[in-house]
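S.K.: Please find protein_25.cif (mmCIF, C-alpha atoms) on the next line:
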```cif
data_entry
loop_
_atom_site.label_atom_id
_atom_site.label_comp_id
_atom_site.auth_asym_id
_atom_site.auth_seq_id
_atom_site.Cartn_x
_atom_site.Cartn_y
_atom_site.Cartn_z
CA MET A 1 -20.94 272.21 158.66
CA SER A 2 -22.93 269.00 159.06
CA ALA A 3 -21.95 267.24 162.29
CA ALA A 4 -23.18 264.46 164.56
CA ALA A 5 -25.51 265.70 167.30
CA SER A 6 -23.10 264.59 170.02
CA LEU A 7 -20.66 267.23 168.74
CA SER A 8 -23.09 270.13 169.22
CA ASP A 9 -21.49 271.76 172.26
CA ALA A 10 -17.84 271.14 171.37
CA PHE A 11 -18.17 272.21 167.73
CA THR A 12 -20.16 275.31 168.63
CA ASP A 13 -17.34 276.28 170.99
CA ILE A 14 -14.69 275.60 168.33
CA GLY A 15 -16.68 277.55 165.76
CA LYS A 16 -16.98 280.58 168.03
CA SER A 17 -13.26 280.55 168.79
CA LEU A 18 -12.49 280.44 165.07
CA GLU A 19 -14.82 283.37 164.41
CA ARG A 20 -13.11 285.37 167.16
CA ASP A 21 -9.70 284.67 165.66
CA MET A 22 -10.82 285.30 162.07
CA PRO A 23 -13.05 288.43 161.95
CA GLY A 24 -15.55 288.23 159.11
CA LEU A 25 -15.59 284.42 159.10
CA HIS A 26 -18.95 282.79 159.85
CA VAL A 27 -19.37 279.17 160.87
CA ARG A 28 -22.85 277.65 160.69
CA PHE A 29 -23.86 274.16 161.80
CA ASN A 30 -26.41 271.50 161.00
CA PHE A 31 -26.42 268.95 163.81
CA GLY A 32 -28.25 265.62 163.66
CA GLY A 33 -27.91 261.86 163.44
CA SER A 34 -24.95 260.90 161.23
CA ASN A 35 -27.22 258.75 159.09
CA THR A 36 -29.64 261.63 158.47
CA LEU A 37 -26.83 264.04 157.65
CA ALA A 38 -25.17 261.60 155.24
CA LEU A 39 -28.43 261.07 153.38
CA GLN A 40 -29.02 264.83 153.25
CA ILE A 41 -25.56 265.34 151.74
CA GLU A 42 -26.19 262.54 149.23
CA GLN A 43 -29.40 264.29 148.19
CA GLY A 44 -27.66 267.62 147.61
CA ALA A 45 -27.98 269.46 150.92
CA GLU A 46 -25.54 272.36 151.19
CA ALA A 47 -22.63 271.55 153.48
CA ASP A 48 -18.90 272.27 153.47
CA VAL A 49 -17.77 269.76 156.09
CA PHE A 50 -19.10 266.42 157.35
CA ALA A 51 -18.20 265.11 160.81
CA SER A 52 -19.68 261.70 161.55
CA ALA A 53 -19.92 259.66 164.74
CA ASP A 54 -18.76 256.57 162.85
CA ASP A 55 -16.84 255.44 159.79
CA GLN A 56 -19.87 253.77 158.23
CA TRP A 57 -21.71 256.96 157.34
CA MET A 58 -18.53 258.75 156.32
CA GLY A 59 -17.94 255.76 154.05
CA HIS A 60 -21.44 256.22 152.61
CA VAL A 61 -20.63 259.81 151.63
CA ARG A 62 -17.22 258.74 150.28
CA ALA A 63 -18.81 255.98 148.18
CA HIS A 64 -20.99 258.59 146.50
CA GLY A 65 -17.90 260.59 145.51
CA MET A 66 -18.75 263.56 147.69
CA LEU A 67 -15.51 264.03 149.67
CA ALA A 68 -12.88 266.54 148.56
CA GLY A 69 -10.09 264.33 149.90
CA THR A 70 -9.61 261.83 152.66
CA SER A 71 -11.33 261.83 156.03
CA GLN A 72 -9.42 261.89 159.30
CA ALA A 73 -10.35 260.65 162.76
CA PHE A 74 -10.40 263.58 165.18
CA ALA A 75 -12.07 262.23 168.33
CA ARG A 76 -13.23 259.09 170.08
CA ASN A 77 -16.01 258.39 172.56
CA ILE A 78 -17.40 255.67 174.79
CA LEU A 79 -20.90 254.83 175.99
CA VAL A 80 -22.47 255.13 179.42
CA ALA A 81 -25.88 254.29 180.81
CA ILE A 82 -27.88 257.13 182.36
CA VAL A 83 -30.87 257.23 184.69
CA PRO A 84 -32.84 260.23 186.01
CA ARG A 85 -31.56 261.68 189.28
CA THR A 86 -34.96 260.81 190.78
CA ASN A 87 -34.42 257.19 189.62
CA PRO A 88 -38.08 256.10 189.82
CA ALA A 89 -37.24 252.57 188.61
CA ARG A 90 -34.65 252.20 191.39
CA ILE A 91 -31.89 251.19 189.01
CA SER A 92 -28.73 250.55 191.00
CA GLY A 93 -26.64 248.75 188.40
CA LEU A 94 -26.48 247.85 184.72
CA ALA A 95 -28.28 244.54 185.26
CA ASP A 96 -31.38 246.46 186.39
CA ILE A 97 -31.87 247.92 182.89
CA ALA A 98 -33.40 244.57 181.90
CA LYS A 99 -35.80 244.36 184.87
CA PRO A 100 -39.48 244.03 183.91
CA GLY A 101 -41.23 247.38 183.67
CA VAL A 102 -38.13 249.53 183.15
CA LYS A 103 -38.63 252.10 180.38
CA LEU A 104 -35.52 252.10 178.20
CA VAL A 105 -34.74 254.62 175.45
CA LEU A 106 -32.03 254.26 172.80
CA ALA A 107 -31.06 256.00 169.59
CA ALA A 108 -32.50 254.30 166.51
CA GLU A 109 -30.40 251.43 165.17
CA ALA A 110 -29.45 253.37 161.98
CA VAL A 111 -27.84 256.06 164.15
CA PRO A 112 -24.25 255.29 165.23
CA ALA A 113 -25.13 255.69 168.93
CA GLY A 114 -28.04 253.29 168.46
CA ARG A 115 -25.88 250.66 166.80
CA TYR A 116 -23.19 251.04 169.45
CA SER A 117 -25.81 250.81 172.21
CA ARG A 118 -27.13 247.51 170.94
CA GLU A 119 -23.59 246.16 170.69
CA VAL A 120 -22.98 247.18 174.32
CA LEU A 121 -26.20 245.47 175.43
CA ARG A 122 -25.02 242.26 173.77
CA ASN A 123 -21.62 242.62 175.42
CA LEU A 124 -23.21 243.13 178.83
CA SER A 125 -24.56 239.58 178.63
CA ARG A 126 -21.07 238.59 179.79
CA LEU A 127 -21.31 240.77 182.91
CA PRO A 128 -21.95 238.83 186.14
CA GLY A 129 -25.57 239.32 187.13
CA CYS A 130 -26.80 240.09 183.60
CA GLY A 131 -26.88 236.67 181.95
CA PRO A 132 -27.11 235.44 178.34
CA SER A 133 -30.63 236.81 177.79
CA PHE A 134 -29.76 240.32 178.99
CA ALA A 135 -29.81 242.06 175.60
CA ARG A 136 -33.13 240.45 174.63
CA ARG A 137 -34.73 241.41 177.94
CA ALA A 138 -33.35 244.94 177.83
CA LEU A 139 -34.58 245.52 174.27
CA GLY A 140 -37.95 244.22 175.40
CA ASN A 141 -38.06 247.29 177.65
CA LEU A 142 -37.45 249.68 174.76
CA VAL A 143 -40.15 252.36 174.70
CA SER A 144 -38.62 254.88 172.28
CA GLU A 145 -36.00 255.04 169.52
CA GLU A 146 -34.62 258.54 169.01
CA ASP A 147 -33.34 260.23 165.85
CA ASN A 148 -30.07 261.12 167.59
CA VAL A 149 -28.31 260.63 170.91
CA ARG A 150 -29.38 264.02 172.26
CA GLY A 151 -32.97 262.80 172.09
CA VAL A 152 -32.06 259.90 174.37
CA VAL A 153 -30.55 262.25 176.95
CA ALA A 154 -33.58 264.55 176.81
CA LYS A 155 -36.02 261.70 177.44
CA VAL A 156 -34.08 260.51 180.50
CA GLN A 157 -33.45 264.02 181.77
CA LEU A 158 -37.18 264.80 181.63
CA GLY A 159 -38.08 261.55 183.37
CA GLU A 160 -39.86 260.18 180.30
CA ALA A 161 -37.61 257.11 180.44
CA ASP A 162 -36.04 255.18 183.32
CA ALA A 163 -32.75 254.54 181.54
CA GLY A 164 -30.88 255.21 178.33
CA LEU A 165 -27.52 254.68 176.68
CA CYS A 166 -25.57 257.65 175.36
CA TYR A 167 -22.03 258.87 174.79
CA ARG A 168 -20.02 259.88 177.84
CA SER A 169 -19.66 263.36 176.32
CA ASP A 170 -23.46 263.78 176.41
CA ALA A 171 -23.70 262.98 180.13
CA ILE A 172 -21.38 265.68 181.48
CA GLY A 173 -21.83 269.40 181.98
CA PRO A 174 -25.21 270.95 182.92
CA VAL A 175 -27.14 267.74 182.18
CA SER A 176 -25.28 265.97 184.99
CA ARG A 177 -27.54 267.79 187.45
CA TYR A 178 -30.47 265.77 186.11
CA VAL A 179 -29.01 262.35 185.31
CA ARG A 180 -26.83 259.80 187.07
CA VAL A 181 -24.22 257.85 185.12
CA LEU A 182 -23.65 254.11 185.27
CA GLU A 183 -20.20 253.34 183.86
CA ILE A 184 -19.79 250.46 181.43
CA PRO A 185 -16.65 248.30 181.89
CA ASP A 186 -14.03 249.07 179.24
CA SER A 187 -13.88 245.42 178.20
CA LEU A 188 -17.60 245.49 177.35
CA ASN A 189 -17.78 249.00 175.93
CA VAL A 190 -17.49 250.32 172.38
CA LEU A 191 -14.90 252.88 171.32
CA ALA A 192 -16.57 255.18 168.79
CA SER A 193 -14.31 256.91 166.26
CA TYR A 194 -15.32 260.26 164.73
CA PRO A 195 -14.01 261.14 161.22
CA ILE A 196 -14.16 264.58 159.58
CA ALA A 197 -13.75 265.64 155.95
CA VAL A 198 -14.22 268.58 153.62
CA LEU A 199 -16.95 267.90 151.07
CA LYS A 200 -16.29 268.04 147.33
CA ASP A 201 -18.58 270.99 146.61
CA ALA A 202 -16.66 273.00 149.23
CA GLU A 203 -13.17 272.07 148.01
CA GLY A 204 -12.18 275.74 147.67
CA SER A 205 -13.94 276.92 150.81
CA THR A 206 -11.63 278.78 153.18
CA THR A 207 -14.09 278.35 156.04
CA ALA A 208 -14.23 274.57 155.58
CA ARG A 209 -10.46 274.21 155.47
CA LEU A 210 -9.88 276.47 158.47
CA PHE A 211 -12.55 274.73 160.54
CA VAL A 212 -11.12 271.26 159.91
CA GLU A 213 -7.63 272.55 160.71
CA ARG A 214 -8.92 274.01 163.99
CA VAL A 215 -10.63 270.73 164.97
CA LEU A 216 -7.40 268.82 164.33
CA SER A 217 -5.22 271.39 166.08
CA PRO A 218 -4.07 271.09 169.71
CA GLN A 219 -6.51 273.89 170.57
CA GLY A 220 -9.43 272.01 169.00
CA GLN A 221 -8.41 268.75 170.63
CA GLN A 222 -8.33 270.45 174.03
CA VAL A 223 -11.89 271.71 173.49
CA LEU A 224 -13.08 268.23 172.55
CA GLU A 225 -11.42 266.75 175.63
CA ARG A 226 -13.08 269.38 177.82
CA TYR A 227 -16.45 268.25 176.50
CA GLY A 228 -15.79 264.60 177.34
CA PHE A 229 -14.32 263.28 174.09
CA ILE A 230 -11.11 261.30 173.83
CA PRO A 231 -8.68 263.19 171.57
CA ALA A 232 -7.56 261.25 168.52
CA ILE A 233 -4.62 263.46 167.50
CA VAL A 234 -1.30 262.77 169.20
CA PRO A 235 0.61 266.07 169.72
#
```
Can you dump the structure from the file as structure tokens?

M.R.:
Amino acid sequence: MSAAASLSDAFTDIGKSLERDMPGLHVRFNFGGSNTLALQIEQGAEADVFASADDQWMGHVRAHGMLAGTSQAFARNILVAIVPRTNPARISGLADIAKPGVKLVLAAEAVPAGRYSREVLRNLSRLPGCGPSFARRALGNLVSEEDNVRGVVAKVQLGEADAGLCYRSDAIGPVSRYVRVLEIPDSLNVLASYPIAVLKDAEGSTTARLFVERVLSPQGQQVLERYGFIPAIVP
């Protein structure tokens, strides 16, 4: 199963529950940036299922004729800003991300989280106290572009960056002991949609079919919600 890095914890949990319910079934994952995974699949990497953090990279795989059927949205997510608990840059609000000297880390622009982050920075220019040049000033503070969103969280958690943008689902759980969240107003945020599909080479794979069914099931949706995602399937 090739899946966006932000799904690591939730999908691992879903996979283990499926293995418990289906003795003899083995679920194995390859987590990474959706762009990297899509290009790996295009180049022939073995995978039964693709779960992307956006429609663009699912569309890339579809355009190359590599889906067994249609994709389906199974979860949604929003972005938050995070700072280390120690907060060495003394960031008290979103406007402070653009202060001179702040070390900002984002996912690379080709990664869904990176594209969403840049869209949010542009949107924040409309927030009182940020101003029209906010996105330009914030990007001027960029010190690192990560291969996936988990890299952003790690840099902030370790204090190697003063601030970062990530999915809400990546800022809860154990990592919350090390980072503080700055919420982004809904009107200025981005709602990320996650699609999943069985890949053509795995059309007859029982494991692939069962895993996708579990993700779309009420049980799978509850797991995703527990890990900070917004369920996309209405019971």

S.K.: Tell me which protein, DNA and RNA residues are within 10 Å of Gly114 of chain A, counting only C-alpha atoms, leaving out same-chain ones fewer than 3 positions away, and put them as a list in words.

M.R.: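 That gives Gly33, Val105, Leu106, Ala107, Ala108, Glu109, Ala110, Val111, Ser117, Arg118, Glu119, Val120, Glu145, Glu146, Asp147, Asn148, Val149, Val152, Leu165 and Cys166 of chain A.
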
S.K.: What does the distance from atom CA of Lys200 of chain A to atom CA of Leu216 of chain A come to in Å, to one decimal?

M.R.: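 Separation between atom CA of Lys200 of chain A and atom CA of Leu216 of chain A: 19.2 Å.
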
S.K.: Exactly which residues make up the result of the PyMOL selection byres ((chain A and resi 226) around 12) on this file, given as a PDB file with C-alpha atoms, keeping the file's coordinate frame?

M.R.:
```pdb
ATOM      1  CA  ASP A   9     -21.490 271.760 172.260  1.00  0.00           C
ATOM      2  CA  ALA A  10     -17.840 271.140 171.370  1.00  0.00           C
ATOM      3  CA  PHE A  11     -18.170 272.210 167.730  1.00  0.00           C
ATOM      4  CA  ASP A  13     -17.340 276.280 170.990  1.00  0.00           C
ATOM      5  CA  ILE A  14     -14.690 275.600 168.330  1.00  0.00           C
ATOM      6  CA  ALA A  75     -12.070 262.230 168.330  1.00  0.00           C
ATOM      7  CA  ARG A 168     -20.020 259.880 177.840  1.00  0.00           C
ATOM      8  CA  SER A 169     -19.660 263.360 176.320  1.00  0.00           C
ATOM      9  CA  ASP A 170     -23.460 263.780 176.410  1.00  0.00           C
ATOM     10  CA  ILE A 172     -21.380 265.680 181.480  1.00  0.00           C
ATOM     11  CA  GLY A 173     -21.830 269.400 181.980  1.00  0.00           C
ATOM     12  CA  GLN A 219      -6.510 273.890 170.570  1.00  0.00           C
ATOM     13  CA  GLY A 220      -9.430 272.010 169.000  1.00  0.00           C
ATOM     14  CA  GLN A 221      -8.410 268.750 170.630  1.00  0.00           C
ATOM     15  CA  GLN A 222      -8.330 270.450 174.030  1.00  0.00           C
ATOM     16  CA  VAL A 223     -11.890 271.710 173.490  1.00  0.00           C
ATOM     17  CA  LEU A 224     -13.080 268.230 172.550  1.00  0.00           C
ATOM     18  CA  GLU A 225     -11.420 266.750 175.630  1.00  0.00           C
ATOM     19  CA  TYR A 227     -16.450 268.250 176.500  1.00  0.00           C
ATOM     20  CA  GLY A 228     -15.790 264.600 177.340  1.00  0.00           C
ATOM     21  CA  PHE A 229     -14.320 263.280 174.090  1.00  0.00           C
ATOM     22  CA  ILE A 230     -11.110 261.300 173.830  1.00  0.00           C
ATOM     23  CA  PRO A 231      -8.680 263.190 171.570  1.00  0.00           C
TER      24      PRO A 231
END
```

S.K.: Please report, as lines of an AutoDock Vina configuration file, the centre and edge lengths in Å to one decimal of an axis-aligned box covering all listed atoms of segment 3-13 of chain A with 6 Å per side.

M.R.:
```
center_x = -21.4
center_y = 270.4
center_z = 167.3
size_x = 20.2
size_y = 23.8
size_z = 22.0
```

S.K.: Around (-31.0, 249.6, 181.7), as given in the file, which residues come within 9 Å? Count only C-alpha atoms and list them as an MDAnalysis selection string.

M.R.: chainID A and resid 81:83 91 93:99 102:105 121 138 141 162:165

S.K.: Using the chain letters and numbers from this file, what does the PyMOL selection byres ((chain A and resi 66) around 8) select? Give the answer as a PDB file with C-alpha atoms, in the coordinates of the input.

M.R.:
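So expr.pdb came out as:
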```
ATOM      1  CA  GLU A  42     -26.190 262.540 149.230  1.00  0.00           C
ATOM      2  CA  VAL A  61     -20.630 259.810 151.630  1.00  0.00           C
ATOM      3  CA  ARG A  62     -17.220 258.740 150.280  1.00  0.00           C
ATOM      4  CA  ALA A  63     -18.810 255.980 148.180  1.00  0.00           C
ATOM      5  CA  HIS A  64     -20.990 258.590 146.500  1.00  0.00           C
ATOM      6  CA  GLY A  65     -17.900 260.590 145.510  1.00  0.00           C
ATOM      7  CA  LEU A  67     -15.510 264.030 149.670  1.00  0.00           C
ATOM      8  CA  ALA A  68     -12.880 266.540 148.560  1.00  0.00           C
ATOM      9  CA  LEU A 199     -16.950 267.900 151.070  1.00  0.00           C
ATOM     10  CA  LYS A 200     -16.290 268.040 147.330  1.00  0.00           C
ATOM     11  CA  ASP A 201     -18.580 270.990 146.610  1.00  0.00           C
TER      12      ASP A 201
END
```

S.K.: Between atom CA of Leu191 of chain A and atom CA of Tyr116 of chain A, what is the distance, to one decimal in Å?

M.R.: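 Between atom CA of Leu191 of chain A and atom CA of Tyr116 of chain A the gap is 8.7 Å.
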
S.K.: Please indicate the distance in Å from atom CA of Lys16 of chain A to atom CA of Ser205 of chain A, rounded to one decimal place.

M.R.: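 Atom CA of Lys16 of chain A sits 17.9 Å away from atom CA of Ser205 of chain A.
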
S.K.: So, counting all atoms listed in the file, which residue among A:Pro174, A:Pro112, A:Gly140, A:Gly131 is closest to Gly32 of chain A?

M.R.: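 Closest to Gly32 of chain A of all the choices is A:Pro112.
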
S.K.: Once the PyMOL selection byres ((chain A and resi 208) around 9) has been evaluated on this model, what residues remain selected, and can you format them as a PyMOL selection string?

M.R.: chain A and resi 1+27+48-49+197-199+202-207+209-213

S.K.: Quick one: everything within 6 Å of segment 153-157 of chain A, counting all atoms listed in the file, minus sequence neighbours fewer than 3 positions away in the same chain. Send it as a tab-separated table (two decimals) with C-alpha atoms, in the coordinates of the input.

M.R.:
```tsv
chain	number	residue	atom	x	y	z
A	84	PRO	CA	-32.84	260.23	186.01
A	150	ARG	CA	-29.38	264.02	172.26
A	160	GLU	CA	-39.86	260.18	180.30
A	161	ALA	CA	-37.61	257.11	180.44
A	178	TYR	CA	-30.47	265.77	186.11
A	179	VAL	CA	-29.01	262.35	185.31
```

S.K.: For each of A:Glu183, A:Ala89, A:Trp57, A:Asn189, take the minimum atom-to-atom distance to Arg122 of chain A, counting all atoms listed in the file, then give the residue where this is smallest.

M.R.: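 Answer, going by the shortest atom-to-atom distance: A:Asn189.
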
S.K.: My list of candidates is A:Ser34, A:Ala45, A:Glu19, A:Phe134. Which is closest to Ser6 of chain A when distances are computed with only C-alpha atoms?

M.R.: A:Ser34
